Amino acid sequence: MEKKSENEGHLIVGLGNPESDYADTRHNLGFACVRELARRCGVPIDKKRWQSLVGRSEGRGVWFVLPQTYMNLSGQAVAKVLKDTGLTPAQTWVVYDELDLPLCRMRIRRGGSGAGHNGVKSLIASLGTDEFVRFRVGIGKPARKGSESGVRYVLGRFTKAEAERVPKVIAGVADALEVALEAGVERAMDRYNRPTALGCEELP
């Protein structure tokens with residue numbers, strides 16, 4: 001069961017980098033997924049506040065936040081939001097790209113390490129806890145090993161085959177967020193933490 005406090009509001013954060021140069025990169029998939037959910041809720045994410053672009057759904061009690069600090073300082077922006085809104089890390093859902101999952105796969109979990117993701121590591125450091133919910137959206141791994149190729153990969157754009165699948169990924173993640181809002185995170189985990197849940201075929 002969800003705690004009562006968690007039903008009194010949510011902060012949904014998409015991780016990415018600002019500026020148009022990064023708009024369609026793998027690292028900005030979190031931005032795209034949260035924008036899609038906000039669009040469905042009829043909420044523009046266009047107000048500048050807390051070093052972020054924000055939108056608010058009064059009816060659902062949800063803040064939509066896209067930090068504009070660059071990925072590795074995302075936690076500073078989110079900490080400001082929590083301080084001013086009175087929401088807690090447990091009420092915070094973070095949507096971001098995940099190298100350790102293939103494209104067309106998502107895993108929802110609460111807590112855990114940053115697993116090498118600079119945005120998540122920044123959140124843990126700034127919030128002083130890892131007890132927020134993660135919607136980890138797979139982008140697959142680069143063919144070559146090594147941190148340098150990893151950086152180039154996440155800041156690169158999707159291949160043609162990947163790009164054909166991205167709209168389904170974004171729609172599926174937004175579906176999962178809607179299920180979590182309506183029925184709780186556990187229900188969303190049950191439904192979406194498995195292959196094919198996002199409705200597209202994983203690339204080999």
# chains A, B, ... in the order shown; residues from 1 in each chain; ligands from 1

$ select_by_dssp --residues "segment 112-172 of chain A" --states "strand (DSSP E)" --output "PDB file with C-alpha atoms, in the first residue's frame"
ATOM      1  CA  VAL A 133      11.245   6.449  -7.185  1.00  0.00           C
ATOM      2  CA  ARG A 134      13.144   5.908 -10.418  1.00  0.00           C
ATOM      3  CA  PHE A 135      11.612   5.285 -13.825  1.00  0.00           C
ATOM      4  CA  ARG A 136      14.725   3.948 -15.570  1.00  0.00           C
ATOM      5  CA  VAL A 137      14.200   4.061 -19.340  1.00  0.00           C
ATOM      6  CA  GLY A 138      16.559   1.854 -21.339  1.00  0.00           C
TER       7      GLY A 138
END

$ residues_around --residues "segment 169-173 of chain A" --least-positions-apart "6" --cutoff "12 Å" --atoms "only C-alpha atoms" --output "PyMOL selection string"
chain A and resi 14+26+28-40+94-97+102-108+134-139+162-163+179-180+188-189+191-193+196-202

$ closest_residue --among "A:Leu101, A:Leu155, A:Ala125, A:Ala176" --to "Lys141 of chain A" --atoms "only C-alpha atoms"
A:Leu101

$ select_by_dssp --residues "chain A" --states "alpha helix (DSSP H)" --output "JSON, numbers by chain"
{"A": [29, 30, 31, 32, 33, 34, 35, 36, 37, 38, 39, 40, 74, 75, 76, 77, 78, 79, 80, 81, 82, 83, 84, 85, 118, 119, 120, 121, 122, 123, 124, 125, 126, 127, 147, 148, 149, 150, 151, 152, 153, 154, 160, 161, 162, 163, 164, 165, 166, 167, 168, 169, 170, 171, 172, 173, 174, 175, 176, 177, 178, 179, 180, 181, 182, 183, 185, 186, 187, 188, 189, 190, 191, 192]}
